[in-house]
Amino acid sequence: MGLTGLEIYKQLPKKNCGECGPPTCLAFAMQLASGKATLDACPYISQEAREALQSAAAPPIRLVTLGAGDHVLEIGDETVLFRHDKTFYHPAGIFIEVGDDLDEAAMDERLRAIGELEFERVGQQYRVDGVALRATSGDADRFLRLAQKAAAAVPWNFVIVCQDPALAEPVVRLLASRRPLLYAATDDNWEKMVQLAEEHQIPLGVCGRDLDHLAELVTKITQRGYRELVIDPGSRETSQVLADLTQIRRLAIKKKFRPFGYPTIAFTSEPDATTEIIQAQVYVGKYASLVVLRQAWRRSEILPLLTWRTNVFTDPQKPIQVEPRVYEVGDVRDDSPVYVTTNFSLTYFSVEAEVEASKIPGYIVVVNTEGTSVLTAYAAGKFTPEAVAEALQRSGIADRVKHREVIIPGHVAVMSGKLQELSGWKVIVGPREAAGIPAFVRSRYAA
Amino acid sequence: MAVERIMERYTSRVREVTLGATAEQGGTRSHTITVGGDSTLPFLHFEGEVPHRPVLALEVNDVPPAWHQLLLEHYRDVLDDPGAWAAKAVRQFGADLVCLRLVGADPDGENRSPEECAQVVRRVLEAVKVPLIVIGCGDADKDNEVMPAVAEAGAGENLLLGIATQENYKTLTAACMVHKHNIIAQSPIDINICKQLNILISEMNMPLDRIVIDPTLGALGYGIEYTYSIMERIRLGALGGDSMLAMPVIVNVGYEAWRAKEANVPESEFPRWGDQPTRAVLWEAMTGAHGLQAGAHIVILRNPDALRLLRRHIEQLMVPNRA
């Protein structure tokens, strides 16, 4: 999204004084365009030109942060519409709503459950990002009480869902140091909400009635000078939310339309937890920066959504890797089969799933191939007899089994002789695809 | 403030494929199902047409499968009878169509003869009146014996038959051409192979509007993002005028989702993953839902509860939206 040297040159004073270093303004512009110089080096640039250039150089979607200390949540700053064009950078924050109309016991229980929504799967840690506190009762004491309980029970982030500035104010004050999102400024309250957000230096949600109205409201707020915004087109039906979030993302990225250059927030509307998770799946992939759930909070409901988030925000250029070491699948013994594969997570987990499905416990020795699959790694010289022999040696697998037989992927059968020679292990050629493992291992190892 | 919307204008659209044949068309189906025809990205009704909603198939096996208890409980009374199973899938669970998988042909299993398999197909065609998908056992040599018999047994019914791969497509393509069926062309999460296989099949004179792409879906948590991006690229290719990518897409969700550990392990073993019934249903439904967002037209499921969730989801996605 950077400007070209010529576009920058047009904004420069064209004095060719050379005080910035390069001899001419054009040379300076070229250095600016390539990031080798900064605008501060020019003593004569006008204020208007500076603002124009800085705004043009700003990212298409602003980076906004919630939280503080160990629990900072960065959202926005995306640059593409499709992950295959580069990557999606900032995983959608997932919040679970709790209303202040719950009775005390239910409130405590729900907040405690949310505060424990951490998971481990395939060696990764997942968790929700926090709780959305909704002022439902209209009672200031109740709302503050909910916020106090939430502050104690949930270690992460907060969204304050309240459109009455007076009702929100004590809660904002209580949570200000944890930098919550205040949701939301609307037509009726925006001036007071901006004031409140600005006073406490917290991000502010802006909720429009539709895209046109949202652009208008955001423009009013930014003209007042506040830019820590998270925007909401106001739609709640799945199909319309998808359309609105798509337009917002397109306009921000392709047209650099400033009123939509902010992270977005989406609220689900489905009446039960399972359909709500499916609805939220759409928003996580297409293009909400924050998603607020209203029904789901149980572990079995949240894990699938967090898994989807992790998947879709995986950088396509950096394959996920597993640590190169020995893995045990099932209740292994010293006569269990030993497989080798690569450390590309998709390859590893395919093998792991099939070894598990075979019901014959086994060891998997993972070779560091820098996150490439068997054939790619073999072609690139990263899955060689030497590399496999070294991995066998370093893994210490020899101390864990009494046999000396290793199963290699069928695609690299050609390395058998050399590997046998280098490692001293008898090499068994396994199936070409992981899916063949159960049949293969059952015919060979079943008692 | 009137914001000028960005409307993408694509040069082309996804081809339509029609499955099944009614009596007038030489078959015995009560209706046909047409998929594809999209002229925009999934569900962006505001700038293009999504003329047909995605459809949901339930998988039926010809022999009782070694599925998880949570799945089998839905089918316990019909496991021995593929016809009754198919009827239950359609009448009780509301499947749009049935995907019959001929596992019994597997040489490592029951090793059923082509004629036995054809008999099962006839039985299912009698039991239900919806269009039918039939998939072989996965053993290439055996499928090359079985699928021609299946194609013959279903002649006139305009079936969707699979699975053709780059290594093994000729016999199935020929059988589909002789008996006028549609074909599933499967590529291993690879857009180039996807395209190449469609070219190879079409070079045998198979009409392009009888090919359906199977991009080999990954399960939620197990490489789902690879197929998601491949499918987005397939759709963009189709809309951009690449004729060899402009086929409807089928995704084999039930099979993949139930390979995932998260669908299979009980809460007692993984207490922090929560209750298994909900987790398993969502694992399958979420795998399917991501497929819909990436451009799937036919979703094959196993769990009727996942079908119910996706049915509602599709209804909501098909609500017209405005820019």
# chains A, B, ... in the order shown; residues from 1 in each chain; ligands from 1
call {"tool": "residues_around", "arguments": {"residues": "Val429 (chain A)", "least_positions_apart": "2", "cutoff": "6 Å", "atoms": "only C-alpha atoms", "output": "ChimeraX atom specification"}}
result
/A:407-408,410,413
call {"tool": "write_last_selection", "arguments": {"atoms": "C-alpha atoms", "output": "compact mmCIF listing (two decimals), in the first residue's frame"}}
result
# COMPACT_ATOMS: atom_id res chain seq x y z
CA ILE A 407 9.10 -48.29 9.17
CA ILE A 408 9.70 -45.60 6.54
CA GLY A 410 6.60 -45.94 1.01
CA ALA A 413 11.57 -46.73 -0.33
call {"tool": "residues_around", "arguments": {"residues": "Tyr287 (chain A)", "least_positions_apart": "2", "cutoff": "8 Å", "atoms": "only C-alpha atoms", "output": "list in words"}}
result
Leu242, Leu245, Thr246, Arg249, Thr264, Tyr283, Val284, Gly285 and Ser289 of chain A
call {"tool": "write_last_selection", "arguments": {"atoms": "N, CA, C and O atoms", "output": "PDB file, in the first residue's frame"}}
result
ATOM      1  N   LEU A 242     -22.230 -11.315   6.705  1.00  0.00           N
ATOM      2  CA  LEU A 242     -21.198 -11.731   5.746  1.00  0.00           C
ATOM      3  C   LEU A 242     -21.031 -10.671   4.650  1.00  0.00           C
ATOM      4  O   LEU A 242     -19.910 -10.289   4.298  1.00  0.00           O
ATOM      5  N   LEU A 245     -19.482  -7.352   6.297  1.00  0.00           N
ATOM      6  CA  LEU A 245     -18.066  -7.470   6.667  1.00  0.00           C
ATOM      7  C   LEU A 245     -17.196  -7.598   5.413  1.00  0.00           C
ATOM      8  O   LEU A 245     -16.060  -7.122   5.381  1.00  0.00           O
ATOM      9  N   THR A 246     -17.747  -8.231   4.369  1.00  0.00           N
ATOM     10  CA  THR A 246     -17.003  -8.344   3.111  1.00  0.00           C
ATOM     11  C   THR A 246     -16.818  -6.965   2.482  1.00  0.00           C
ATOM     12  O   THR A 246     -15.724  -6.610   2.038  1.00  0.00           O
ATOM     13  N   ARG A 249     -14.247  -4.933   4.490  1.00  0.00           N
ATOM     14  CA  ARG A 249     -12.871  -5.365   4.228  1.00  0.00           C
ATOM     15  C   ARG A 249     -12.422  -4.938   2.826  1.00  0.00           C
ATOM     16  O   ARG A 249     -11.321  -4.440   2.631  1.00  0.00           O
ATOM     17  N   THR A 264     -13.221  -4.874  13.114  1.00  0.00           N
ATOM     18  CA  THR A 264     -14.684  -5.011  13.152  1.00  0.00           C
ATOM     19  C   THR A 264     -15.115  -5.903  14.325  1.00  0.00           C
ATOM     20  O   THR A 264     -14.329  -6.701  14.835  1.00  0.00           O
ATOM     21  N   TYR A 283     -18.012 -15.689  10.702  1.00  0.00           N
ATOM     22  CA  TYR A 283     -17.448 -14.381  11.032  1.00  0.00           C
ATOM     23  C   TYR A 283     -15.946 -14.471  11.328  1.00  0.00           C
ATOM     24  O   TYR A 283     -15.190 -13.551  11.026  1.00  0.00           O
ATOM     25  N   VAL A 284     -15.531 -15.583  11.919  1.00  0.00           N
ATOM     26  CA  VAL A 284     -14.104 -15.745  12.225  1.00  0.00           C
ATOM     27  C   VAL A 284     -13.293 -15.791  10.926  1.00  0.00           C
ATOM     28  O   VAL A 284     -12.232 -15.186  10.809  1.00  0.00           O
ATOM     29  N   GLY A 285     -13.820 -16.497   9.918  1.00  0.00           N
ATOM     30  CA  GLY A 285     -13.102 -16.596   8.654  1.00  0.00           C
ATOM     31  C   GLY A 285     -13.273 -15.344   7.796  1.00  0.00           C
ATOM     32  O   GLY A 285     -12.406 -14.990   7.022  1.00  0.00           O
ATOM     33  N   SER A 289     -13.029  -8.965  13.452  1.00  0.00           N
ATOM     34  CA  SER A 289     -11.838  -8.940  14.301  1.00  0.00           C
ATOM     35  C   SER A 289     -12.183  -9.391  15.712  1.00  0.00           C
ATOM     36  O   SER A 289     -11.327  -9.893  16.441  1.00  0.00           O
TER      37      SER A 289
END
call {"tool": "closest_atom_pairs", "arguments": {"of": "chain B", "to": "chain A", "cutoff": "9 Å", "atoms": "only C-alpha atoms", "output": "Markdown table"}}
result
| residue | atom | partner | partner_atom | distance |
| --- | --- | --- | --- | --- |
| B:Met1 | CA | A:Asp212 | CA | 5.2 |
| B:Ala2 | CA | A:Asp212 | CA | 5.3 |
| B:Val3 | CA | A:Asp212 | CA | 5.5 |
| B:Glu4 | CA | A:Leu251 | CA | 8.8 |
| B:Arg5 | CA | A:Gln247 | CA | 6.7 |
| B:Ile6 | CA | A:Gln247 | CA | 6.7 |
| B:Met7 | CA | A:Gln247 | CA | 8.7 |
| B:Phe43 | CA | A:Ser239 | CA | 7.2 |
| B:Leu44 | CA | A:Ala243 | CA | 6.2 |
| B:His45 | CA | A:Ala243 | CA | 8.2 |
| B:Phe46 | CA | A:Ala243 | CA | 7.4 |
| B:Asp108 | CA | A:Ala439 | CA | 8.4 |
| B:Leu220 | CA | A:Trp308 | CA | 6.5 |
| B:Gly221 | CA | A:Thr307 | CA | 5.8 |
| B:Tyr222 | CA | A:Leu346 | CA | 6.3 |
| B:Gly223 | CA | A:Leu346 | CA | 5.8 |
| B:Ile224 | CA | A:Asn311 | CA | 6.7 |
| B:Glu225 | CA | A:Asn311 | CA | 5.5 |
| B:Tyr226 | CA | A:Pro316 | CA | 8.0 |
| B:Tyr228 | CA | A:Val312 | CA | 8.2 |
| B:Ser229 | CA | A:His84 | CA | 5.9 |
| B:Ile230 | CA | A:His84 | CA | 8.4 |
| B:Glu232 | CA | A:Phe82 | CA | 8.0 |
| B:Arg233 | CA | A:His84 | CA | 8.1 |
| B:Arg259 | CA | A:Ala353 | CA | 7.1 |
| B:Ala260 | CA | A:Ala353 | CA | 7.2 |
| B:Lys261 | CA | A:Ala353 | CA | 7.2 |
| B:Glu262 | CA | A:Pro304 | CA | 8.9 |
| B:Arg272 | CA | A:Phe119 | CA | 6.6 |
| B:Trp273 | CA | A:Ser300 | CA | 5.7 |
| B:Gly274 | CA | A:Ser300 | CA | 4.3 |
| B:Asp275 | CA | A:Ser300 | CA | 5.6 |
| B:Gln276 | CA | A:Ser300 | CA | 7.0 |
| B:Pro277 | CA | A:Ser300 | CA | 8.5 |
| B:Thr278 | CA | A:Ser300 | CA | 6.0 |
| B:Arg279 | CA | A:Ser300 | CA | 4.7 |
| B:Ala280 | CA | A:Ser300 | CA | 8.5 |
| B:Val281 | CA | A:Thr274 | CA | 8.8 |
| B:Leu282 | CA | A:Pro304 | CA | 6.6 |
| B:Trp283 | CA | A:Pro304 | CA | 6.1 |
| B:Ala285 | CA | A:Ile278 | CA | 7.4 |
| B:Met286 | CA | A:Ile278 | CA | 6.2 |
| B:Thr287 | CA | A:Trp308 | CA | 8.7 |
| B:Ala289 | CA | A:Ile278 | CA | 6.7 |
| B:His290 | CA | A:Gln281 | CA | 7.4 |
| B:Gln293 | CA | A:Val282 | CA | 7.1 |
| B:Leu309 | CA | A:Thr275 | CA | 6.0 |
| B:Leu310 | CA | A:Ile278 | CA | 8.1 |
| B:Arg312 | CA | A:Thr275 | CA | 7.9 |
| B:His313 | CA | A:Gln279 | CA | 7.1 |
| B:Gln316 | CA | A:Thr238 | CA | 6.2 |
| B:Leu317 | CA | A:Ser239 | CA | 4.8 |
| B:Met318 | CA | A:Ser239 | CA | 7.0 |
| B:Val319 | CA | A:Ser239 | CA | 6.0 |
| B:Pro320 | CA | A:Ser239 | CA | 7.0 |
| B:Asn321 | CA | A:Gln240 | CA | 5.0 |
| B:Arg322 | CA | A:Gln240 | CA | 6.9 |
| B:Ala323 | CA | A:Ala243 | CA | 6.2 |
call {"tool": "select_by_dssp", "arguments": {"residues": "region 135-193 of chain A", "states": "alpha helix (DSSP H)", "output": "ChimeraX atom specification"}}
result
/A:140-153,165-175,190-193
call {"tool": "closest_residue", "arguments": {"among": "A:Ser34, A:Ser373, A:Asn157, A:Ser55", "to": "Val351 (chain A)", "atoms": "only C-alpha atoms"}}
result
A:Ser373
call {"tool": "atom_distance", "arguments": {"atom1": "CA of Leu79 (chain B)", "atom2": "CA of Asp139 (chain B)"}}
result
22.6 Å
call {"tool": "residues_around", "arguments": {"residues": "region 3-6 of chain A", "least_positions_apart": "6", "cutoff": "12 Å", "atoms": "only C-alpha atoms", "output": "list in words"}}
result
Leu12, Lys14, Cys25, Leu26, Ala27, Phe28, Ala29, Met30, Gln31, Leu32, Ala33, Ser34, Gly35, Lys36, Ala37, Ala52, Leu53, Gln54, Ser55, Ala56, Ala57, Ala58 and Pro59 of chain A
call {"tool": "write_last_selection", "arguments": {"atoms": "N, CA and C atoms", "output": "compact mmCIF listing (two decimals), in the first residue's frame"}}
result
# COMPACT_ATOMS: atom_id res chain seq x y z
N LEU A 12 6.46 17.08 -1.86
CA LEU A 12 7.67 17.67 -1.26
C LEU A 12 7.84 19.13 -1.72
N LYS A 14 10.23 20.69 -3.16
CA LYS A 14 10.96 20.82 -4.43
C LYS A 14 11.99 21.94 -4.40
N CYS A 25 15.11 16.69 -4.13
CA CYS A 25 13.85 16.23 -3.55
C CYS A 25 13.43 14.91 -4.17
N LEU A 26 13.70 14.73 -5.46
CA LEU A 26 13.31 13.49 -6.12
C LEU A 26 14.09 12.31 -5.54
N ALA A 27 15.37 12.52 -5.33
CA ALA A 27 16.19 11.45 -4.75
C ALA A 27 15.70 11.11 -3.35
N PHE A 28 15.32 12.16 -2.59
CA PHE A 28 14.79 11.96 -1.24
C PHE A 28 13.48 11.17 -1.31
N ALA A 29 12.62 11.53 -2.28
CA ALA A 29 11.34 10.84 -2.44
C ALA A 29 11.56 9.35 -2.71
N MET A 30 12.56 9.05 -3.53
CA MET A 30 12.85 7.65 -3.84
C MET A 30 13.28 6.90 -2.59
N GLN A 31 14.09 7.58 -1.76
CA GLN A 31 14.53 6.95 -0.52
C GLN A 31 13.35 6.74 0.44
N LEU A 32 12.43 7.70 0.47
CA LEU A 32 11.24 7.55 1.31
C LEU A 32 10.42 6.35 0.85
N ALA A 33 10.27 6.25 -0.47
CA ALA A 33 9.43 5.18 -1.02
C ALA A 33 9.99 3.81 -0.68
N SER A 34 11.33 3.72 -0.64
CA SER A 34 11.93 2.41 -0.35
C SER A 34 12.19 2.23 1.14
N GLY A 35 11.74 3.19 1.94
CA GLY A 35 11.85 3.05 3.38
C GLY A 35 13.25 3.33 3.92
N LYS A 36 14.11 3.96 3.10
CA LYS A 36 15.49 4.21 3.55
C LYS A 36 15.63 5.56 4.25
N ALA A 37 14.59 6.39 4.14
CA ALA A 37 14.65 7.69 4.82
C ALA A 37 13.30 7.93 5.49
N ALA A 52 -0.88 14.35 4.66
CA ALA A 52 -1.32 13.59 3.48
C ALA A 52 -0.43 12.36 3.30
N LEU A 53 0.87 12.56 3.45
CA LEU A 53 1.79 11.44 3.24
C LEU A 53 1.65 10.39 4.34
N GLN A 54 1.51 10.86 5.56
CA GLN A 54 1.40 9.90 6.65
C GLN A 54 0.12 9.09 6.54
N SER A 55 -0.96 9.77 6.16
CA SER A 55 -2.22 9.06 6.05
C SER A 55 -2.17 8.06 4.90
N ALA A 56 -1.51 8.44 3.80
CA ALA A 56 -1.41 7.52 2.67
C ALA A 56 -0.53 6.32 3.01
N ALA A 57 0.43 6.55 3.90
CA ALA A 57 1.34 5.46 4.24
C ALA A 57 0.79 4.57 5.35
N ALA A 58 -0.28 5.04 6.00
CA ALA A 58 -0.85 4.28 7.12
C ALA A 58 -1.42 2.96 6.60
N PRO A 59 -1.43 1.93 7.44
CA PRO A 59 -1.98 0.65 6.99
C PRO A 59 -3.47 0.79 6.67
call {"tool": "closest_residue", "arguments": {"among": "B:Asn144, B:Asn192, B:Ser30, B:Thr18", "to": "His297 (chain B)", "atoms": "only C-alpha atoms"}}
result
B:Thr18
